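Here is work-v6.txt, consisting of compact mmCIF, C-alpha atoms and all ligand atoms:
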```txt
# COMPACT_ATOMS: atom_id res chain seq x y z
CA MET W 155 0.00 0.00 0.00
CA ALA W 156 1.38 3.42 -0.93
CA LEU W 157 1.08 5.71 2.06
CA LYS W 158 -0.82 8.96 1.50
CA LEU W 159 1.18 11.79 3.03
CA ARG W 160 0.43 15.52 3.26
CA LYS W 161 3.23 17.87 4.25
CA LEU W 162 2.52 19.89 7.40
CA SER W 163 5.03 22.70 6.92
CA TYR W 164 8.05 23.72 4.89
CA ALA W 165 10.41 22.63 7.66
CA LEU W 166 9.06 19.30 8.87
CA GLY W 167 6.12 17.03 9.48
CA ALA W 168 3.62 15.08 7.41
CA GLU W 169 0.08 13.92 7.99
CA VAL W 170 -0.54 10.25 7.32
CA CYS W 171 -3.98 10.17 5.72
CA GLY W 172 -6.51 7.37 5.92
CA VAL W 173 -4.75 5.15 8.47
CA ASP W 174 -6.48 3.81 11.58
CA VAL W 175 -3.57 2.96 13.89
CA ALA W 176 -5.72 0.53 15.89
CA MET W 177 -6.31 -1.73 12.88
CA PRO W 178 -4.00 -4.67 12.12
CA MET W 179 -1.10 -3.32 10.09
CA SER W 180 1.34 -5.33 7.96
CA GLU W 181 5.10 -5.09 8.48
CA SER W 182 5.42 -3.45 5.08
CA THR W 183 2.83 -0.75 5.83
CA PHE W 184 4.47 -0.02 9.17
CA GLY W 185 7.84 0.01 7.36
CA GLU W 186 6.54 2.80 5.12
CA ILE W 187 5.25 4.69 8.15
CA TYR W 188 8.62 4.36 9.86
CA GLN W 189 10.47 5.58 6.74
CA ALA W 190 8.11 8.60 6.64
CA PHE W 191 8.83 9.19 10.35
CA LEU W 192 12.59 9.23 9.64
CA GLY W 193 12.12 11.45 6.60
CA HIS W 194 9.70 14.04 8.01
CA GLY W 195 10.56 14.08 11.75
CA ILE W 196 6.88 14.32 12.74
CA LEU W 197 3.87 12.27 11.68
CA LEU W 198 0.27 13.27 12.35
CA PHE W 199 -2.58 10.77 12.53
CA ARG W 200 -5.99 12.49 12.83
CA ASP W 201 -9.24 11.07 14.22
CA GLN W 202 -7.72 8.25 16.27
CA ASP W 203 -10.57 7.50 18.67
CA ILE W 204 -8.71 4.59 20.22
CA THR W 205 -8.19 3.06 23.65
CA ARG W 206 -5.14 3.54 25.84
CA SER W 207 -4.06 -0.04 25.14
CA GLN W 208 -4.29 0.59 21.40
CA HIS W 209 -2.19 3.73 21.75
CA ILE W 210 0.40 1.69 23.65
CA GLU W 211 0.29 -1.20 21.16
CA PHE W 212 0.75 1.07 18.14
CA SER W 213 3.63 2.86 19.89
CA ARG W 214 5.39 -0.47 20.47
CA ARG W 215 5.77 -0.81 16.71
CA PHE W 216 8.34 2.03 16.91
CA GLY W 217 10.36 0.32 19.66
CA ALA W 218 10.42 -0.64 23.34
CA LEU W 219 8.53 1.78 25.57
CA ASP W 220 9.73 3.79 28.52
CA ARG W 221 7.85 3.01 31.74
CA HIS W 222 8.69 6.50 32.98
CA GLU W 223 10.55 5.44 36.12
CA THR W 224 12.35 8.80 35.96
CA LEU W 225 9.04 10.70 36.06
CA PRO W 226 7.02 8.68 38.60
CA ARG W 227 4.54 11.45 39.42
CA ASP W 228 3.56 11.95 35.81
CA ARG W 229 2.60 8.39 34.86
CA HIS W 230 -0.89 7.12 34.32
CA PRO W 231 -1.79 5.15 37.48
CA ASP W 232 -2.76 2.01 35.52
CA HIS W 233 -0.50 2.34 32.47
CA PRO W 234 3.13 3.25 33.32
CA GLU W 235 3.81 3.49 29.58
CA LEU W 236 1.61 6.58 29.45
CA LEU W 237 2.84 9.96 30.62
CA MET W 238 0.08 12.42 31.48
CA VAL W 239 0.19 15.99 30.21
CA THR W 240 -2.92 17.48 31.75
CA ASN W 241 -4.21 20.55 33.51
CA GLU W 242 -7.03 18.59 35.12
CA PRO W 243 -6.74 19.17 38.89
CA LYS W 244 -6.08 16.17 41.14
CA PRO W 245 -9.06 14.59 42.97
CA ASP W 246 -8.25 16.72 46.05
CA GLY W 247 -8.49 19.88 43.94
CA SER W 248 -4.75 20.66 43.92
CA PRO W 249 -3.08 21.53 40.59
CA SER W 250 -1.96 18.76 38.28
CA ASP W 251 1.77 17.93 38.45
CA THR W 252 1.92 18.03 34.66
CA LYS W 253 0.02 21.25 34.12
CA TYR W 254 3.11 22.95 32.67
CA THR W 255 4.89 19.99 31.12
CA GLY W 256 6.92 20.92 28.09
CA ARG W 257 6.76 24.72 28.41
CA GLN W 258 10.43 25.01 27.44
CA TRP W 259 12.21 24.01 24.25
CA HIS W 260 13.35 20.43 24.83
CA SER W 261 13.80 16.93 23.49
CA ASP W 262 12.17 14.21 25.58
CA MET W 263 14.31 12.54 28.23
CA SER W 264 17.47 14.44 27.21
CA PHE W 265 18.19 14.67 30.95
CA THR W 266 18.83 10.91 31.08
CA THR W 267 21.55 8.76 29.55
CA GLY W 268 18.84 6.96 27.58
CA PRO W 269 17.18 9.86 25.76
CA SER W 270 14.07 9.00 23.83
CA LEU W 271 13.95 7.86 20.21
CA GLY W 272 10.51 9.34 19.74
CA SER W 273 7.20 10.17 21.41
CA LEU W 274 3.56 9.64 20.46
CA LEU W 275 1.25 12.22 22.05
CA LYS W 276 -2.52 11.70 21.87
CA SER W 277 -5.00 14.50 22.53
CA TYR W 278 -8.09 13.70 24.62
CA GLU W 279 -9.34 17.19 25.48
CA VAL W 280 -8.25 20.39 23.79
CA PRO W 281 -9.16 23.98 24.61
CA GLU W 282 -11.46 25.92 22.33
CA VAL W 283 -8.49 27.77 20.83
CA GLY W 284 -4.75 27.51 21.36
CA GLY W 285 -2.79 25.02 23.44
CA ASP W 286 -0.59 24.54 20.38
CA THR W 287 2.79 22.82 20.26
CA LEU W 288 5.83 24.13 18.37
CA PHE W 289 8.40 21.84 16.78
CA ALA W 290 11.84 22.67 15.36
CA ASN W 291 13.81 20.75 12.73
CA MET W 292 17.24 20.36 14.32
CA TYR W 293 18.90 18.91 11.19
CA ALA W 294 18.00 22.08 9.31
CA ALA W 295 19.11 24.23 12.23
CA TYR W 296 22.50 22.47 12.30
CA ASP W 297 22.95 22.60 8.52
CA ALA W 298 22.32 26.36 8.49
CA LEU W 299 25.15 27.14 10.94
CA SER W 300 28.40 28.56 9.58
CA GLY W 301 31.46 26.34 9.26
CA GLY W 302 33.08 28.30 12.08
CA MET W 303 30.18 27.72 14.47
CA LYS W 304 30.03 24.02 13.54
CA LYS W 305 33.72 23.76 14.44
CA LEU W 306 33.20 25.65 17.71
CA ILE W 307 30.40 23.40 18.96
CA ALA W 308 31.66 20.09 17.51
CA ASP W 309 32.96 18.72 20.80
CA LEU W 310 30.78 20.58 23.29
CA HIS W 311 28.49 18.77 25.71
CA GLY W 312 25.46 20.51 27.22
CA ILE W 313 24.46 19.72 30.81
CA HIS W 314 20.72 18.91 30.75
CA LEU W 315 18.54 19.26 33.86
CA SER W 316 15.13 17.71 34.39
CA GLY W 317 12.19 19.72 35.67
CA THR W 318 9.61 22.22 34.56
CA ARG W 319 10.59 25.84 34.99
CA LYS W 320 7.15 27.38 35.33
CA LEU W 321 5.84 25.23 38.20
CA ALA W 322 8.90 26.04 40.29
CA ASN W 323 6.96 28.88 41.92
CA GLU W 324 4.11 26.73 43.12
CA THR W 325 4.23 24.34 46.06
CA THR W 326 3.61 21.24 43.92
CA GLY W 327 6.31 22.49 41.59
CA ILE W 328 8.89 22.85 44.33
CA VAL W 329 8.23 19.35 45.68
CA ARG W 330 8.29 17.92 42.17
CA ALA W 331 11.46 19.79 41.23
CA GLU W 332 13.27 18.50 44.36
CA GLU W 333 12.14 14.95 43.60
CA GLN W 334 13.25 15.29 39.98
CA LYS W 335 16.68 16.50 41.04
CA ARG W 336 17.08 13.49 43.36
CA ILE W 337 16.04 10.96 40.73
CA ASN W 338 17.77 12.57 37.77
CA PRO W 339 21.27 13.96 38.28
CA PRO W 340 22.45 16.37 35.56
CA VAL W 341 23.45 14.63 32.33
CA ALA W 342 25.87 15.87 29.66
CA GLN W 343 24.78 15.35 26.05
CA PRO W 344 26.66 16.16 22.85
CA VAL W 345 25.50 19.47 21.37
CA VAL W 346 25.80 17.88 17.93
CA ARG W 347 24.25 14.44 17.80
CA VAL W 348 24.59 12.02 14.91
CA HIS W 349 21.19 10.45 14.30
CA PRO W 350 21.77 6.72 14.79
CA GLU W 351 19.53 5.74 11.86
CA THR W 352 19.92 8.46 9.22
CA GLY W 353 23.56 9.30 10.03
CA ARG W 354 22.73 13.02 9.77
CA LYS W 355 23.98 15.59 12.27
CA ALA W 356 21.41 17.49 14.32
CA LEU W 357 21.70 20.20 16.96
CA TYR W 358 20.86 18.77 20.39
CA ILE W 359 20.22 21.77 22.56
CA GLY W 360 17.29 23.39 24.34
CA GLU W 361 16.19 25.28 27.41
CA LYS W 362 16.96 22.40 29.77
CA VAL W 363 20.65 22.98 29.04
CA LYS W 364 22.18 24.85 31.95
CA ARG W 365 25.78 25.14 30.80
CA PHE W 366 28.44 23.37 28.74
CA ASP W 367 30.59 20.74 30.43
CA GLY W 368 33.87 22.33 31.54
CA MET W 369 32.46 25.87 31.34
CA SER W 370 30.64 28.14 33.78
CA GLU W 371 26.98 29.15 33.39
CA GLU W 372 28.06 32.70 32.71
CA GLU W 373 30.35 31.59 29.90
CA SER W 374 27.84 29.13 28.44
CA GLN W 375 24.57 31.07 28.53
CA PRO W 376 25.16 33.43 25.58
CA LEU W 377 25.96 30.52 23.26
CA ILE W 378 23.05 28.41 24.57
CA ASP W 379 20.73 31.37 24.00
CA TYR W 380 22.11 31.92 20.51
CA LEU W 381 21.72 28.26 19.49
CA VAL W 382 18.14 28.06 20.81
CA ARG W 383 17.25 31.34 19.09
CA HIS W 384 18.88 30.15 15.87
CA ALA W 385 17.08 26.79 15.91
CA THR W 386 13.67 28.34 16.57
CA GLN W 387 13.55 30.71 13.60
CA PRO W 388 10.25 30.41 11.72
CA GLU W 389 11.77 28.60 8.75
CA PHE W 390 12.73 25.63 10.95
CA LEU W 391 9.33 25.33 12.68
CA TYR W 392 5.98 23.58 12.55
CA ARG W 393 3.16 24.75 14.85
CA HIS W 394 0.60 22.08 15.61
CA GLN W 395 -2.98 23.11 16.31
CA TRP W 396 -4.53 20.19 18.14
CA ARG W 397 -7.86 18.54 17.47
CA LYS W 398 -9.30 15.92 19.76
CA ASN W 399 -8.00 12.41 18.91
CA ASP W 400 -4.85 13.52 17.14
CA ILE W 401 -1.80 11.37 17.55
CA LEU W 402 1.44 13.15 16.83
CA ALA W 403 4.62 11.08 16.61
CA TRP W 404 7.96 12.92 16.66
CA ASP W 405 11.60 11.92 16.41
CA ASN W 406 13.37 13.28 19.50
CA ARG W 407 16.78 12.78 17.91
CA CYS W 408 16.28 15.49 15.30
CA VAL W 409 13.27 17.52 16.54
CA MET W 410 12.81 19.65 19.65
CA HIS W 411 9.47 20.99 20.84
CA GLN W 412 7.68 23.30 23.23
CA ALA W 413 4.11 23.31 24.55
CA LEU W 414 2.62 26.81 24.36
CA GLY W 415 0.54 28.43 27.07
CA ASP W 416 -1.61 30.24 24.49
CA PHE W 417 -4.98 29.16 25.89
CA ASP W 418 -7.56 29.75 28.58
CA GLU W 419 -6.29 27.71 31.52
CA THR W 420 -9.80 27.27 32.91
CA GLN W 421 -10.45 25.02 29.91
CA LEU W 422 -9.35 21.40 29.93
CA ARG W 423 -6.27 20.31 27.99
CA HIS W 424 -5.54 16.63 28.42
CA MET W 425 -2.92 14.68 26.49
CA GLU W 426 -1.17 11.35 27.05
CA ARG W 427 2.22 10.37 25.72
CA THR W 428 4.12 7.18 25.07
CA THR W 429 7.89 7.49 24.96
CA ILE W 430 10.04 5.20 22.80
CA LEU W 431 13.36 4.23 24.34
CA GLY W 432 16.40 5.42 22.43
CA THR W 433 20.02 4.38 22.24
CA PRO W 434 22.35 5.39 25.10
CA SER W 435 23.81 8.89 24.84
CA GLY W 436 25.73 11.22 27.14
CA TYR W 437 27.09 10.74 30.66
CA VAL W 438 26.20 11.75 34.19
CA ALA W 439 27.88 15.10 34.85
CA THR W 440 29.92 15.47 38.01
O1 LIG Z 501 1.61 19.23 25.67
C1 LIG Z 501 2.29 19.40 24.67
O2 LIG Z 501 1.89 20.04 23.71
C2 LIG Z 501 3.67 18.85 24.59
C3 LIG Z 501 4.05 18.10 25.81
C4 LIG Z 501 5.51 17.86 25.88
O3 LIG Z 501 6.29 18.76 25.75
C5 LIG Z 501 6.00 16.52 26.07
O4 LIG Z 501 5.21 15.59 26.21
O5 LIG Z 501 7.23 16.36 26.06
```
What is this file in structure tokens?
Amino acid sequence: MALKLRKLSYALGAEVCGVDVAMPMSESTFGEIYQAFLGHGILLFRDQDITRSQHIEFSRRFGALDRHETLPRDRHPDHPELLMVTNEPKPDGSPSDTKYTGRQWHSDMSFTTGPSLGSLLKSYEVPEVGGDTLFANMYAAYDALSGGMKKLIADLHGIHLSGTRKLANETTGIVRAEEQKRINPPVAQPVVRVHPETGRKALYIGEKVKRFDGMSEEESQPLIDYLVRHATQPEFLYRHQWRKNDILAWDNRCVMHQALGDFDETQLRHMERTTILGTPSGYVAT
């Protein structure tokens, strides 16, 4: 079967049309989907009114799944393979731990030595308008750097921290941030990562990077800021406007993303994510 694809933006992404991910799928059809995933960085599947188990089963086709041991508060209570991204208050009325998940430019699980291959996020409830997600093509961002800058960053490692910046002011956020720090010590990742499947170089940076290994924060920050600003220019981006029952699959090795707060927070936004385990990368920073 030839897959029907529709490009989502100039920079990256494609919609896979007419596929129900819960239906039995041959190896060859999934092979085409996986090739499209490698080629476009993001795949969108619309109208996937499927169960949690079906979401998990489809995700397993991409690889073994993370059980989110490094983010114990954020897991679905019955399905550790699902990470909640929701602003629905807890049963006691306190704010959700994952209310502000992803509000910084990042690549999933970069703060571990097993950063994710890819993620599949499914939307259950979306606000009337907004609650969009931005994605950046990090191959294109790397390719567009000058030869001099490529040389400068070739051997740098960024120290990635876990945690969500915005919640740090709220009590839940402080408790969560402390827990995160205990579970996840800082990890150094190469600033230029070679994609293990395509062999292409991609920038591996984001707002979870605190400093470069061997350099102070003061020395590092201007270059971190420059690289993030460079990578998030409009020509490298796709902005996803969610509809209920979308599944968006992205390749964390060559795409970074950010959840936007451009919506009425009194409205429900509820998403659930599977995380595909990637190959080992980086080292625990001392
Ligand atoms: O909620 C979103 O739009 C994105 C969530 C996110 O950043 C993540 O799951 O890593």
**Request:** Check which residues fall inside 7 Å of ligand LIG 501 (chain Z) when counting only C-alpha atoms and all ligand atoms, and print them as a PyMOL selection string.
**Result:** chain W and resi 239+255-257+262+275+285-287+411-414+425+427
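If all atoms listed in the file are the atoms counted, then among W:Asp246, W:Arg423, W:Leu381, W:Thr240 the closest residue to Met303 (chain W) is W:Leu381.
Considering all atoms listed in the file, the residue among W:Gly172, W:Pro340, W:Pro388, W:Gly284 positioned nearest to Phe199 (chain W) is W:Gly172.
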**Prompt:** What lies within 12 Å of Leu166 (chain W) using all atoms listed in the file, ignoring chain neighbours under 4 positions off, as JSON, numbers by chain?
**Reply:** {"W": [160, 161, 162, 190, 191, 192, 193, 194, 195, 196, 197, 198, 288, 289, 290, 291, 292, 293, 294, 295, 388, 389, 390, 391, 392, 393, 394, 404, 405, 408, 409, 410]}
**Asked** Between CA of Asp232 (chain W) and CA of Arg407 (chain W), what is the spacing in Å?
**Response** 28.4 Å
**Prompt:** CA of Arg365 (chain W) to CA of Val345 (chain W): how many Å, to one decimal?
**Reply:** 11.0 Å
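Among W:Pro339, W:Gly317, W:Pro281, W:Gly272, the residue with the shortest atom-to-atom distance to Arg214 (chain W), counting all atoms listed in the file, is W:Gly272.
Our summary of the geometry notes that CA of Ala165 (chain W) is positioned 19.7 Å from CA of Leu271 (chain W).
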**Prompt:** Looking at W:Gln189, W:Gln334, W:Ser374, W:Ser180, which one is nearest to Leu315 (chain W), with distances taken over only C-alpha atoms?
**Reply:** W:Gln334
Will you model N, CA, C and O atoms for region 256-279 of chain W and pass it back as a PDB file, in the coordinates of the input?
```pdb
ATOM      1  N   GLY W 256       6.483  20.593  29.455  1.00  0.00           N
ATOM      2  CA  GLY W 256       6.920  20.920  28.090  1.00  0.00           C
ATOM      3  C   GLY W 256       6.913  22.385  27.736  1.00  0.00           C
ATOM      4  O   GLY W 256       7.041  22.722  26.555  1.00  0.00           O
ATOM      5  N   ARG W 257       6.835  23.284  28.734  1.00  0.00           N
ATOM      6  CA  ARG W 257       6.760  24.720  28.410  1.00  0.00           C
ATOM      7  C   ARG W 257       8.130  25.350  28.126  1.00  0.00           C
ATOM      8  O   ARG W 257       8.307  26.553  28.263  1.00  0.00           O
ATOM      9  N   GLN W 258       9.117  24.506  27.851  1.00  0.00           N
ATOM     10  CA  GLN W 258      10.430  25.010  27.440  1.00  0.00           C
ATOM     11  C   GLN W 258      10.823  24.212  26.206  1.00  0.00           C
ATOM     12  O   GLN W 258      10.412  23.060  26.057  1.00  0.00           O
ATOM     13  N   TRP W 259      11.693  24.778  25.385  1.00  0.00           N
ATOM     14  CA  TRP W 259      12.210  24.010  24.250  1.00  0.00           C
ATOM     15  C   TRP W 259      12.999  22.815  24.792  1.00  0.00           C
ATOM     16  O   TRP W 259      13.899  22.993  25.627  1.00  0.00           O
ATOM     17  N   HIS W 260      12.658  21.630  24.331  1.00  0.00           N
ATOM     18  CA  HIS W 260      13.350  20.430  24.830  1.00  0.00           C
ATOM     19  C   HIS W 260      13.169  19.260  23.882  1.00  0.00           C
ATOM     20  O   HIS W 260      12.327  19.296  22.972  1.00  0.00           O
ATOM     21  N   SER W 261      13.949  18.223  24.159  1.00  0.00           N
ATOM     22  CA  SER W 261      13.800  16.930  23.490  1.00  0.00           C
ATOM     23  C   SER W 261      13.561  15.930  24.603  1.00  0.00           C
ATOM     24  O   SER W 261      14.270  15.962  25.623  1.00  0.00           O
ATOM     25  N   ASP W 262      12.593  15.035  24.442  1.00  0.00           N
ATOM     26  CA  ASP W 262      12.170  14.210  25.580  1.00  0.00           C
ATOM     27  C   ASP W 262      13.294  13.324  26.124  1.00  0.00           C
ATOM     28  O   ASP W 262      14.000  12.659  25.365  1.00  0.00           O
ATOM     29  N   MET W 263      13.380  13.349  27.444  1.00  0.00           N
ATOM     30  CA  MET W 263      14.310  12.540  28.230  1.00  0.00           C
ATOM     31  C   MET W 263      15.787  12.847  27.957  1.00  0.00           C
ATOM     32  O   MET W 263      16.659  12.031  28.228  1.00  0.00           O
ATOM     33  N   SER W 264      16.069  14.056  27.458  1.00  0.00           N
ATOM     34  CA  SER W 264      17.470  14.440  27.210  1.00  0.00           C
ATOM     35  C   SER W 264      18.256  14.500  28.515  1.00  0.00           C
ATOM     36  O   SER W 264      19.484  14.460  28.494  1.00  0.00           O
ATOM     37  N   PHE W 265      17.528  14.585  29.643  1.00  0.00           N
ATOM     38  CA  PHE W 265      18.190  14.670  30.950  1.00  0.00           C
ATOM     39  C   PHE W 265      18.510  13.294  31.518  1.00  0.00           C
ATOM     40  O   PHE W 265      18.822  13.155  32.699  1.00  0.00           O
ATOM     41  N   THR W 266      18.430  12.262  30.668  1.00  0.00           N
ATOM     42  CA  THR W 266      18.830  10.910  31.080  1.00  0.00           C
ATOM     43  C   THR W 266      19.882  10.399  30.084  1.00  0.00           C
ATOM     44  O   THR W 266      20.032  10.953  28.991  1.00  0.00           O
ATOM     45  N   THR W 267      20.552   9.313  30.468  1.00  0.00           N
ATOM     46  CA  THR W 267      21.550   8.760  29.550  1.00  0.00           C
ATOM     47  C   THR W 267      20.912   7.784  28.552  1.00  0.00           C
ATOM     48  O   THR W 267      21.602   7.131  27.788  1.00  0.00           O
ATOM     49  N   GLY W 268      19.573   7.736  28.589  1.00  0.00           N
ATOM     50  CA  GLY W 268      18.840   6.960  27.580  1.00  0.00           C
ATOM     51  C   GLY W 268      17.777   7.843  26.954  1.00  0.00           C
ATOM     52  O   GLY W 268      16.577   7.566  27.077  1.00  0.00           O
ATOM     53  N   PRO W 269      18.184   8.930  26.293  1.00  0.00           N
ATOM     54  CA  PRO W 269      17.180   9.860  25.760  1.00  0.00           C
ATOM     55  C   PRO W 269      16.294   9.170  24.721  1.00  0.00           C
ATOM     56  O   PRO W 269      16.711   8.218  24.068  1.00  0.00           O
ATOM     57  N   SER W 270      15.098   9.687  24.612  1.00  0.00           N
ATOM     58  CA  SER W 270      14.070   9.000  23.830  1.00  0.00           C
ATOM     59  C   SER W 270      14.326   9.027  22.326  1.00  0.00           C
ATOM     60  O   SER W 270      14.783  10.018  21.771  1.00  0.00           O
ATOM     61  N   LEU W 271      13.951   7.920  21.681  1.00  0.00           N
ATOM     62  CA  LEU W 271      13.950   7.860  20.210  1.00  0.00           C
ATOM     63  C   LEU W 271      12.836   8.751  19.659  1.00  0.00           C
ATOM     64  O   LEU W 271      13.032   9.561  18.767  1.00  0.00           O
ATOM     65  N   GLY W 272      11.651   8.569  20.234  1.00  0.00           N
ATOM     66  CA  GLY W 272      10.510   9.340  19.740  1.00  0.00           C
ATOM     67  C   GLY W 272       9.370   9.281  20.743  1.00  0.00           C
ATOM     68  O   GLY W 272       9.413   8.514  21.709  1.00  0.00           O
ATOM     69  N   SER W 273       8.369  10.108  20.525  1.00  0.00           N
ATOM     70  CA  SER W 273       7.200  10.170  21.410  1.00  0.00           C
ATOM     71  C   SER W 273       5.945  10.173  20.576  1.00  0.00           C
ATOM     72  O   SER W 273       5.950  10.683  19.443  1.00  0.00           O
ATOM     73  N   LEU W 274       4.868   9.602  21.132  1.00  0.00           N
ATOM     74  CA  LEU W 274       3.560   9.640  20.460  1.00  0.00           C
ATOM     75  C   LEU W 274       2.561  10.251  21.432  1.00  0.00           C
ATOM     76  O   LEU W 274       2.200   9.626  22.445  1.00  0.00           O
ATOM     77  N   LEU W 275       2.144  11.483  21.149  1.00  0.00           N
ATOM     78  CA  LEU W 275       1.250  12.220  22.050  1.00  0.00           C
ATOM     79  C   LEU W 275      -0.163  12.185  21.462  1.00  0.00           C
ATOM     80  O   LEU W 275      -0.368  12.522  20.297  1.00  0.00           O
ATOM     81  N   LYS W 276      -1.122  11.765  22.319  1.00  0.00           N
ATOM     82  CA  LYS W 276      -2.520  11.700  21.870  1.00  0.00           C
ATOM     83  C   LYS W 276      -3.320  12.748  22.636  1.00  0.00           C
ATOM     84  O   LYS W 276      -3.175  12.893  23.849  1.00  0.00           O
ATOM     85  N   SER W 277      -4.177  13.456  21.901  1.00  0.00           N
ATOM     86  CA  SER W 277      -5.000  14.500  22.530  1.00  0.00           C
ATOM     87  C   SER W 277      -6.368  13.914  22.892  1.00  0.00           C
ATOM     88  O   SER W 277      -7.033  13.285  22.056  1.00  0.00           O
ATOM     89  N   TYR W 278      -6.760  14.140  24.152  1.00  0.00           N
ATOM     90  CA  TYR W 278      -8.090  13.700  24.620  1.00  0.00           C
ATOM     91  C   TYR W 278      -9.040  14.883  24.739  1.00  0.00           C
ATOM     92  O   TYR W 278     -10.188  14.805  24.362  1.00  0.00           O
ATOM     93  N   GLU W 279      -8.529  15.975  25.329  1.00  0.00           N
ATOM     94  CA  GLU W 279      -9.340  17.190  25.480  1.00  0.00           C
ATOM     95  C   GLU W 279      -8.475  18.356  25.053  1.00  0.00           C
ATOM     96  O   GLU W 279      -7.329  18.468  25.507  1.00  0.00           O
TER      97      GLU W 279
END
```
